[in-house]
file run-v9.txt (compact mmCIF, C-alpha atoms (C1' of nucleotides))
# COMPACT_ATOMS: atom_id res chain seq x y z
CA MET K 26 60.12 -15.26 76.33
CA THR K 27 56.68 -15.21 77.82
CA LEU K 28 54.58 -12.25 76.94
CA THR K 29 53.62 -10.37 80.05
CA GLN K 30 50.00 -10.12 80.88
CA ASN K 31 50.12 -6.39 80.45
CA LYS K 32 51.48 -6.79 77.00
CA ILE K 33 48.74 -9.21 76.16
CA ALA K 34 46.14 -6.89 77.58
CA SER K 35 47.40 -4.08 75.41
CA ILE K 36 47.30 -6.30 72.33
CA LEU K 37 43.71 -7.15 73.11
CA ARG K 38 42.86 -3.50 73.58
CA GLN K 39 44.59 -2.54 70.35
CA ARG K 40 42.47 -4.98 68.47
CA GLY K 41 39.32 -3.58 69.93
CA TYR K 42 38.69 -6.23 72.55
CA LYS K 43 37.75 -5.20 76.04
CA ILE K 44 39.71 -6.27 79.06
CA THR K 45 37.31 -8.00 81.36
CA PRO K 46 38.00 -9.77 84.63
CA GLN K 47 36.94 -13.00 82.96
CA ARG K 48 39.51 -12.64 80.23
CA ARG K 49 42.15 -11.75 82.74
CA ALA K 50 41.37 -14.86 84.70
CA VAL K 51 41.58 -17.17 81.70
CA LEU K 52 44.78 -15.56 80.57
CA ASN K 53 46.18 -15.88 84.03
CA ILE K 54 45.55 -19.59 84.21
CA ILE K 55 47.09 -20.28 80.85
CA ALA K 56 50.07 -18.08 81.54
CA LEU K 57 50.76 -19.71 84.87
CA SER K 58 50.55 -23.24 83.57
CA HIS K 59 53.45 -24.86 81.85
CA ASP K 60 51.26 -27.64 80.63
CA HIS K 61 48.89 -27.52 77.78
CA LEU K 62 45.34 -27.38 79.02
CA THR K 63 42.08 -28.44 77.52
CA PRO K 64 39.23 -25.94 77.52
CA ALA K 65 37.58 -27.98 80.24
CA ALA K 66 40.71 -27.95 82.40
CA ILE K 67 41.04 -24.21 81.97
CA TYR K 68 37.42 -23.76 82.94
CA GLU K 69 37.89 -25.87 86.02
CA LYS K 70 40.86 -23.89 87.24
CA VAL K 71 39.31 -20.56 86.42
CA HIS K 72 36.11 -21.59 88.09
CA GLU K 73 37.85 -22.40 91.36
CA GLU K 74 38.84 -18.82 91.89
CA HIS K 75 36.03 -17.12 90.06
CA PRO K 76 32.96 -19.32 90.37
CA GLY K 77 30.91 -16.87 88.40
CA ILE K 78 32.74 -17.50 85.14
CA GLY K 79 31.03 -19.83 82.73
CA LEU K 80 32.46 -22.39 80.37
CA VAL K 81 31.06 -20.43 77.46
CA THR K 82 33.22 -17.49 78.31
CA VAL K 83 36.26 -19.69 78.47
CA TYR K 84 35.57 -20.96 74.97
CA ARG K 85 35.01 -17.47 73.67
CA THR K 86 38.18 -16.20 75.26
CA LEU K 87 40.19 -19.09 73.87
CA ASP K 88 38.86 -18.35 70.40
CA ILE K 89 39.98 -14.77 70.63
CA LEU K 90 43.39 -15.57 72.06
CA ALA K 91 43.98 -18.18 69.40
CA GLU K 92 42.85 -15.81 66.68
CA LEU K 93 45.33 -13.23 67.90
CA GLY K 94 47.99 -15.90 68.00
CA LEU K 95 48.61 -15.46 71.70
CA ILE K 96 48.04 -19.08 72.51
CA CYS K 97 48.51 -22.08 70.31
CA GLU K 98 46.95 -25.45 69.92
CA VAL K 99 48.57 -28.74 70.75
CA HIS K 100 47.34 -31.81 68.98
CA ALA K 101 48.83 -34.59 71.03
CA GLY K 102 47.35 -37.80 69.75
CA GLY K 103 43.72 -38.67 70.01
CA ASN K 104 41.89 -35.69 71.35
CA CYS K 105 42.42 -32.35 69.79
CA ARG K 106 42.31 -28.91 71.22
CA SER K 107 44.34 -28.13 74.15
CA TYR K 108 45.98 -24.80 74.49
CA LEU K 109 49.27 -23.41 75.58
CA MET K 110 50.50 -19.93 76.09
CA ARG K 111 52.49 -19.03 73.05
CA ARG K 112 56.06 -18.83 74.17
CA PRO K 113 58.26 -18.33 71.16
CA SER K 114 56.13 -16.20 68.94
CA GLU K 115 57.59 -17.62 65.76
CA HIS K 116 57.05 -20.89 64.00
CA HIS K 117 57.69 -23.72 66.40
CA HIS K 118 56.79 -27.25 67.33
CA HIS K 119 56.15 -29.31 70.39
CA LEU K 120 57.71 -32.21 72.14
CA ILE K 121 55.08 -33.71 74.40
CA CYS K 122 55.51 -36.05 77.31
CA SER K 123 52.95 -38.79 77.03
CA ASP K 124 53.09 -39.45 80.76
CA CYS K 125 52.79 -36.10 82.44
CA GLY K 126 51.80 -33.93 79.51
CA ALA K 127 54.76 -31.58 79.75
CA VAL K 128 55.40 -29.64 76.58
CA VAL K 129 58.74 -28.46 75.32
CA ASP K 130 58.99 -26.16 72.35
CA PHE K 131 61.57 -26.30 69.66
CA THR K 132 61.91 -24.01 66.72
CA ASP K 133 64.42 -25.36 64.28
CA CYS K 134 62.62 -28.14 62.51
CA ASP K 135 64.66 -27.96 59.34
CA LEU K 136 62.19 -29.68 57.09
CA SER K 137 63.03 -27.55 54.11
CA ASN K 138 64.93 -30.30 52.32
CA LEU K 139 62.14 -32.75 52.79
CA GLU K 140 59.62 -30.11 51.88
CA GLN K 141 61.39 -29.25 48.66
CA ARG K 142 61.72 -32.86 47.67
CA LEU K 143 58.08 -33.57 48.38
CA ALA K 144 57.01 -30.51 46.45
CA ARG K 145 59.06 -31.63 43.49
CA GLU K 146 57.87 -35.21 43.56
CA THR K 147 54.22 -34.58 44.19
CA ARG K 148 53.82 -31.18 42.55
CA PHE K 149 52.11 -29.94 45.66
CA GLU K 150 52.44 -26.35 46.66
CA ILE K 151 53.32 -26.92 50.28
CA LYS K 152 52.00 -24.36 52.68
CA GLY K 153 52.66 -25.64 56.12
CA HIS K 154 53.31 -28.58 58.34
CA LEU K 155 52.42 -30.07 61.65
CA LEU K 156 55.23 -31.71 63.55
CA GLU K 157 55.02 -33.06 67.05
CA PHE K 158 57.22 -35.48 68.86
CA THR K 159 55.95 -37.60 71.69
CA GLY K 160 57.93 -39.39 74.33
CA ARG K 161 58.72 -39.36 78.01
CA CYS K 162 60.31 -36.40 79.67
CA ARG K 163 63.28 -36.53 81.97
CA ASN K 164 61.25 -36.46 85.14
CA CYS K 165 58.96 -39.24 84.09
CA ARG K 166 61.90 -41.39 83.03
CA LYS K 167 63.47 -41.33 86.44
CA GLY K 168 61.07 -42.16 89.18
CA MET K 169 57.60 -43.36 88.37
CA LYS K 170 56.96 -41.63 91.67
CA GLN K 171 55.92 -38.54 89.79
CA LYS K 172 52.31 -37.64 90.26
CA LYS K 173 50.52 -37.60 86.98
CA ALA K 174 49.11 -34.18 86.39
CA ALA K 175 45.34 -34.38 86.34
CA ARG K 176 44.18 -33.61 82.89
CA MET N 94 50.89 -52.21 48.67
CA THR N 95 47.25 -52.39 49.55
CA LEU N 96 46.24 -55.27 51.70
CA THR N 97 43.69 -57.34 49.93
CA GLN N 98 40.33 -57.65 51.50
CA ASN N 99 40.82 -61.34 51.97
CA LYS N 100 43.97 -60.72 53.86
CA ILE N 101 42.20 -58.24 56.04
CA ALA N 102 39.36 -60.65 56.61
CA SER N 103 41.78 -63.29 57.74
CA ILE N 104 43.47 -60.88 60.10
CA LEU N 105 40.12 -60.08 61.63
CA ARG N 106 39.31 -63.74 61.97
CA GLN N 107 42.66 -64.48 63.54
CA ARG N 108 42.02 -61.91 66.19
CA GLY N 109 38.68 -63.41 66.99
CA TYR N 110 36.48 -60.94 65.16
CA LYS N 111 33.67 -62.21 63.03
CA ILE N 112 33.39 -61.36 59.39
CA THR N 113 30.01 -59.76 58.90
CA PRO N 114 28.53 -58.20 55.78
CA GLN N 115 28.58 -54.87 57.58
CA ARG N 116 32.28 -55.06 58.23
CA ARG N 117 32.91 -56.10 54.68
CA ALA N 118 30.97 -53.12 53.42
CA VAL N 119 32.86 -50.62 55.57
CA LEU N 120 36.15 -52.16 54.61
CA ASN N 121 35.17 -52.05 50.99
CA ILE N 122 34.40 -48.35 51.04
CA ILE N 123 37.63 -47.44 52.76
CA ALA N 124 39.68 -49.67 50.50
CA LEU N 125 38.15 -48.22 47.35
CA SER N 126 38.61 -44.62 48.35
CA HIS N 127 41.89 -42.86 47.89
CA ASP N 128 40.78 -40.01 50.07
CA HIS N 129 40.60 -39.98 53.77
CA LEU N 130 37.04 -40.25 54.94
CA THR N 131 35.30 -39.12 58.06
CA PRO N 132 33.15 -41.64 59.89
CA ALA N 133 30.10 -39.77 58.62
CA ALA N 134 31.29 -39.92 55.02
CA ILE N 135 31.96 -43.61 55.34
CA TYR N 136 28.53 -44.14 56.78
CA GLU N 137 26.95 -42.23 53.95
CA LYS N 138 28.66 -44.26 51.28
CA VAL N 139 28.06 -47.54 53.03
CA HIS N 140 24.46 -46.64 53.58
CA GLU N 141 23.84 -46.04 49.90
CA GLU N 142 24.46 -49.64 49.05
CA HIS N 143 23.39 -51.22 52.29
CA PRO N 144 20.66 -49.05 53.78
CA GLY N 145 20.32 -51.37 56.72
CA ILE N 146 23.71 -50.53 58.18
CA GLY N 147 23.72 -48.05 61.02
CA LEU N 148 26.19 -45.35 61.90
CA VAL N 149 26.91 -47.12 65.15
CA THR N 150 28.23 -50.12 63.32
CA VAL N 151 30.46 -47.92 61.24
CA TYR N 152 31.96 -46.45 64.37
CA ARG N 153 32.44 -49.85 65.90
CA THR N 154 34.07 -51.20 62.79
CA LEU N 155 36.39 -48.23 62.54
CA ASP N 156 37.46 -48.75 66.12
CA ILE N 157 38.36 -52.33 65.44
CA LEU N 158 40.18 -51.61 62.21
CA ALA N 159 42.16 -48.82 63.81
CA GLU N 160 43.00 -51.02 66.77
CA LEU N 161 44.34 -53.66 64.44
CA GLY N 162 46.29 -51.02 62.60
CA LEU N 163 44.56 -51.68 59.31
CA ILE N 164 43.46 -48.11 58.84
CA CYS N 165 45.08 -44.98 60.12
CA GLU N 166 43.95 -41.60 61.26
CA VAL N 167 44.58 -38.35 59.49
CA HIS N 168 44.63 -35.21 61.55
CA ALA N 169 44.42 -32.48 58.96
CA GLY N 170 44.01 -29.28 60.85
CA GLY N 171 40.99 -28.45 62.91
CA ASN N 172 38.77 -31.46 63.00
CA CYS N 173 40.21 -34.79 63.87
CA ARG N 174 39.29 -38.25 62.93
CA SER N 175 39.17 -39.16 59.38
CA TYR N 176 40.40 -42.51 58.27
CA LEU N 177 42.39 -43.92 55.46
CA MET N 178 43.17 -47.45 54.45
CA ARG N 179 46.65 -48.14 55.59
CA ARG N 180 48.63 -48.31 52.43
CA PRO N 181 52.24 -48.64 53.31
CA SER N 182 52.05 -50.77 56.36
CA GLU N 183 55.16 -49.21 57.82
CA HIS N 184 55.75 -45.88 59.39
CA HIS N 185 54.58 -43.10 57.10
CA HIS N 186 53.20 -39.60 56.92
CA HIS N 187 50.69 -37.60 54.96
CA LEU N 188 50.71 -34.69 52.63
CA ILE N 189 47.21 -33.28 52.55
CA CYS N 190 45.63 -30.96 50.02
CA SER N 191 43.77 -28.28 51.88
CA ASP N 192 41.49 -27.65 48.90
CA CYS N 193 40.28 -31.06 47.80
CA GLY N 194 41.43 -33.20 50.68
CA ALA N 195 43.62 -35.50 48.61
CA VAL N 196 46.17 -37.39 50.65
CA VAL N 197 49.60 -38.49 49.50
CA ASP N 198 51.72 -40.73 51.64
CA PHE N 199 55.41 -40.50 52.07
CA THR N 200 57.61 -42.72 54.12
CA ASP N 201 61.08 -41.28 54.38
CA CYS N 202 60.75 -38.50 56.87
CA ASP N 203 64.35 -38.61 58.01
CA LEU N 204 63.83 -36.94 61.33
CA SER N 205 66.41 -39.04 63.08
CA ASN N 206 68.95 -36.25 63.29
CA LEU N 207 66.44 -33.86 64.71
CA GLU N 208 65.14 -36.56 66.99
CA GLN N 209 68.57 -37.37 68.34
CA ARG N 210 69.38 -33.77 68.92
CA LEU N 211 66.11 -33.14 70.71
CA ALA N 212 66.57 -36.22 72.83
CA ARG N 213 70.01 -35.05 73.83
CA GLU N 214 68.96 -31.50 74.58
CA THR N 215 65.76 -32.20 76.41
CA ARG N 216 66.59 -35.61 77.90
CA PHE N 217 63.31 -36.89 76.55
CA GLU N 218 63.02 -40.49 75.53
CA ILE N 219 61.37 -39.89 72.19
CA LYS N 220 58.89 -42.48 71.12
CA GLY N 221 57.19 -41.19 68.08
CA HIS N 222 56.19 -38.25 66.01
CA LEU N 223 53.36 -36.81 64.05
CA LEU N 224 54.28 -35.13 60.81
CA GLU N 225 51.85 -33.82 58.25
CA PHE N 226 52.34 -31.37 55.47
CA THR N 227 49.51 -29.32 54.09
CA GLY N 228 49.31 -27.53 50.80
CA ARG N 229 47.58 -27.58 47.46
CA CYS N 230 47.83 -30.53 45.17
CA ARG N 231 48.66 -30.40 41.49
CA ASN N 232 45.06 -30.54 40.35
CA CYS N 233 43.92 -27.80 42.62
CA ARG N 234 46.80 -25.57 41.57
CA LYS N 235 45.86 -25.64 37.93
CA GLY N 236 42.25 -24.85 37.32
CA MET N 237 40.09 -23.65 40.16
CA LYS N 238 37.50 -25.37 38.00
CA GLN N 239 37.94 -28.52 40.07
CA LYS N 240 34.87 -29.47 42.00
CA LYS N 241 35.60 -29.53 45.66
CA ALA N 242 35.01 -32.98 46.97
CA ALA N 243 32.24 -32.94 49.51
CA ARG N 244 33.70 -33.70 52.90
C1' DT J 125 22.27 -78.30 62.47
C1' DA J 126 22.10 -76.25 67.22
C1' DG J 127 23.57 -73.08 70.40
C1' DC J 128 25.95 -69.30 72.11
C1' DA J 129 28.95 -65.55 72.10
C1' DA J 130 29.58 -61.80 69.30
C1' DA J 131 27.55 -58.35 66.44
C1' DT J 132 23.85 -55.40 65.10
C1' DG J 133 20.37 -51.43 64.91
C1' DA J 134 17.53 -48.07 67.15
C1' DA J 135 17.08 -45.07 70.65
C1' DA J 136 18.85 -42.75 74.34
C1' DA J 137 22.75 -40.94 76.76
C1' DT J 138 26.88 -38.39 76.79
C1' DC J 139 30.47 -35.19 75.63
C1' DG J 140 32.41 -31.12 73.78
C1' DT J 141 31.25 -27.03 71.54
C1' DT J 142 28.24 -23.31 69.69
C1' DT J 143 24.16 -20.43 69.51
C1' DT J 144 20.60 -17.63 71.47
C1' DC J 145 19.02 -14.10 74.27
C1' DA J 146 18.19 -11.14 78.05
C1' DC J 147 21.10 -8.81 81.16
C1' DT J 148 25.53 -6.54 82.57
C1' DT J 149 29.64 -3.85 82.02
C1' DA J 150 34.11 -1.69 80.11
C1' DG J 151 35.55 2.19 78.47
C1' DA J 152 35.03 6.17 75.01
C1' DG J 153 33.19 10.56 75.06
C1' DA J 154 30.44 14.35 77.25
C1' DT Y 108 33.23 11.89 86.97
C1' DC Y 109 28.95 10.39 84.77
C1' DT Y 110 26.43 8.52 80.77
C1' DC Y 111 25.63 5.70 77.10
C1' DT Y 112 26.36 2.01 73.96
C1' DA Y 113 28.58 -1.60 71.82
C1' DA Y 114 30.77 -5.45 73.44
C1' DG Y 115 30.82 -9.08 76.76
C1' DT Y 116 28.57 -12.22 79.89
C1' DG Y 117 25.97 -16.39 81.88
C1' DA Y 118 22.31 -19.71 81.64
C1' DA Y 119 19.90 -22.53 78.96
C1' DA Y 120 19.08 -24.60 74.87
C1' DA Y 121 20.74 -26.35 70.53
C1' DC Y 122 23.91 -28.92 68.13
C1' DG Y 123 26.94 -32.48 66.07
C1' DA Y 124 29.82 -36.26 66.90
C1' DT Y 125 30.47 -40.30 69.45
C1' DT Y 126 29.25 -43.90 72.93
C1' DT Y 127 26.21 -46.72 75.66
C1' DT Y 128 22.26 -49.58 76.38
C1' DC Y 129 19.46 -53.27 75.29
C1' DA Y 130 16.64 -56.35 72.85
C1' DT Y 131 17.19 -58.89 68.58
C1' DT Y 132 19.87 -61.17 65.01
C1' DT Y 133 23.67 -63.81 63.12
C1' DG Y 134 28.41 -65.93 62.20
C1' DC Y 135 30.73 -69.74 63.27
C1' DT Y 136 32.39 -73.56 66.38
C1' DA Y 137 31.21 -77.93 68.10
call {"tool": "encode", "arguments": {"input": "run-v9.txt", "output": "structure tokens"}}
result
Amino acid sequence: MTLTQNKIASILRQRGYKITPQRRAVLNIIALSHDHLTPAAIYEKVHEEHPGIGLVTVYRTLDILAELGLICEVHAGGNCRSYLMRRPSEHHHHLICSDCGAVVDFTDCDLSNLEQRLARETRFEIKGHLLEFTGRCRNCRKGMKQKKAAR
Amino acid sequence: MTLTQNKIASILRQRGYKITPQRRAVLNIIALSHDHLTPAAIYEKVHEEHPGIGLVTVYRTLDILAELGLICEVHAGGNCRSYLMRRPSEHHHHLICSDCGAVVDFTDCDLSNLEQRLARETRFEIKGHLLEFTGRCRNCRKGMKQKKAAR
DNA sequence: TAGCAAATGAAAATCGTTTTCACTTAGAGA
DNA sequence: TCTCTAAGTGAAAACGATTTTCATTTGCTA
């Protein structure tokens, strides 16, 4: 379930952050997009509607939203840092289409067996994991006619 | 099994790359280290012994080695791009100590069930995955006295 | 050994991100 | 509703990592 913007605004307020038009705009863009967006892409979209908003503000807003856990990072191969509105608020992972960039979440990774075995064998205290699948989504598999989303 | 340097050299030669002292030096550093190293760290070490070698050359060499699949990238949280000599030449994953940066490989990730299920449910054609565990290694768990390896 | 394509190093360019700082503003309190 | 202040903003500059450019050097084939 997507958090409503009002809900997000109230979380921000609770934590002592002010609700500014700039933050609303950034939030809006991320919430409306089903893709993961790089900071630059977010800036671009935000800037279209609100030309006054600077890239710096986008970065600052992303930092705050990530800190509050309202958005999450996608790694997706080479370049790091693109963001996605946090949909399931619990632990989850991503399945990323390498063609169009679509992201699907999944929650049940069931790595506990593997984790336990690794912990036993290596004597590591395992704290977390990063798991992402890549592939081609349904749409991109049929029809190459799909427009590739501009990154 | 670690590829010997000679073997690597011959792979380079086969692909039309020349064997230069600079490339040897970079290769040497990566092969001797059991940690994953950032380009900067590699440069530093290489530079100690061969002060003539520039950072640019390190980058170029890393690109080539990665392209040939002789070294592999480690993601490890925030900052991307550190490299590791490819030890098992097959598909494998990393277990990374968040304190000292030690990396342990493991090969049997057994995600096929999950992968099949995801493919069925999402109609993705799944091509690959990224799996990394993070935690604290045995040494770092006992004794905080361990010196943190400079990144 | 000669010759040339490939490789190198230094400097400059580029890219993404962060810091600085003077100015503006959201929102708590009068 | 108005005032005041801490928090937020934008522009420019700083910054670190990586890439490009270009003149010079070098490995290696003929």
call {"tool": "closest_atom_pairs", "arguments": {"input": "run-v9.txt", "of": "chain J", "to": "chain N", "cutoff": "10 Å", "atoms": "all atoms listed in the file", "output": "tab-separated table"}}
result
residue	atom	partner	partner_atom	distance
J:DA130	C1'	N:Lys111	CA	7.5
J:DA131	C1'	N:Lys111	CA	8.0
J:DT132	C1'	N:Thr150	CA	7.1
J:DG133	C1'	N:Gly147	CA	6.1
J:DA134	C1'	N:Gly147	CA	8.7
call {"tool": "atom_distance", "arguments": {"input": "run-v9.txt", "atom1": "atom CA of Leu143 of chain K", "atom2": "atom CA of Ser205 of chain N"}}
result
17.8 Å
call {"tool": "atom_distance", "arguments": {"input": "run-v9.txt", "atom1": "atom CA of Asn138 of chain K", "atom2": "atom CA of Asn206 of chain N"}}
result
13.1 Å
call {"tool": "atom_distance", "arguments": {"input": "run-v9.txt", "atom1": "atom C1' of DA152 of chain J", "atom2": "atom CA of Leu52 of chain K"}}
result
24.5 Å
call {"tool": "closest_atom_pairs", "arguments": {"input": "run-v9.txt", "of": "chain N", "to": "chain K", "cutoff": "7 Å", "atoms": "only C-alpha atoms", "output": "JSON lines"}}
result
{"residue": "N:Cys173", "atom": "CA", "partner": "K:Cys105", "partner_atom": "CA", "distance": 6.8}
{"residue": "N:Arg216", "atom": "CA", "partner": "K:Arg163", "partner_atom": "CA", "distance": 5.3}
{"residue": "N:Phe217", "atom": "CA", "partner": "K:Cys162", "partner_atom": "CA", "distance": 4.4}
{"residue": "N:Glu218", "atom": "CA", "partner": "K:Arg161", "partner_atom": "CA", "distance": 5.1}
{"residue": "N:Ile219", "atom": "CA", "partner": "K:Gly160", "partner_atom": "CA", "distance": 4.1}
{"residue": "N:Lys220", "atom": "CA", "partner": "K:Gly160", "partner_atom": "CA", "distance": 4.6}
{"residue": "N:Gly221", "atom": "CA", "partner": "K:Thr159", "partner_atom": "CA", "distance": 5.2}
{"residue": "N:His222", "atom": "CA", "partner": "K:Phe158", "partner_atom": "CA", "distance": 4.1}
{"residue": "N:Leu223", "atom": "CA", "partner": "K:Glu157", "partner_atom": "CA", "distance": 5.1}
{"residue": "N:Leu224", "atom": "CA", "partner": "K:Leu156", "partner_atom": "CA", "distance": 4.5}
{"residue": "N:Glu225", "atom": "CA", "partner": "K:Leu155", "partner_atom": "CA", "distance": 5.1}
{"residue": "N:Phe226", "atom": "CA", "partner": "K:His154", "partner_atom": "CA", "distance": 4.1}
{"residue": "N:Thr227", "atom": "CA", "partner": "K:Gly153", "partner_atom": "CA", "distance": 5.3}
{"residue": "N:Gly228", "atom": "CA", "partner": "K:Ile151", "partner_atom": "CA", "distance": 4.1}
{"residue": "N:Arg229", "atom": "CA", "partner": "K:Glu150", "partner_atom": "CA", "distance": 5.1}
{"residue": "N:Cys230", "atom": "CA", "partner": "K:Phe149", "partner_atom": "CA", "distance": 4.3}
{"residue": "N:Arg231", "atom": "CA", "partner": "K:Arg148", "partner_atom": "CA", "distance": 5.3}
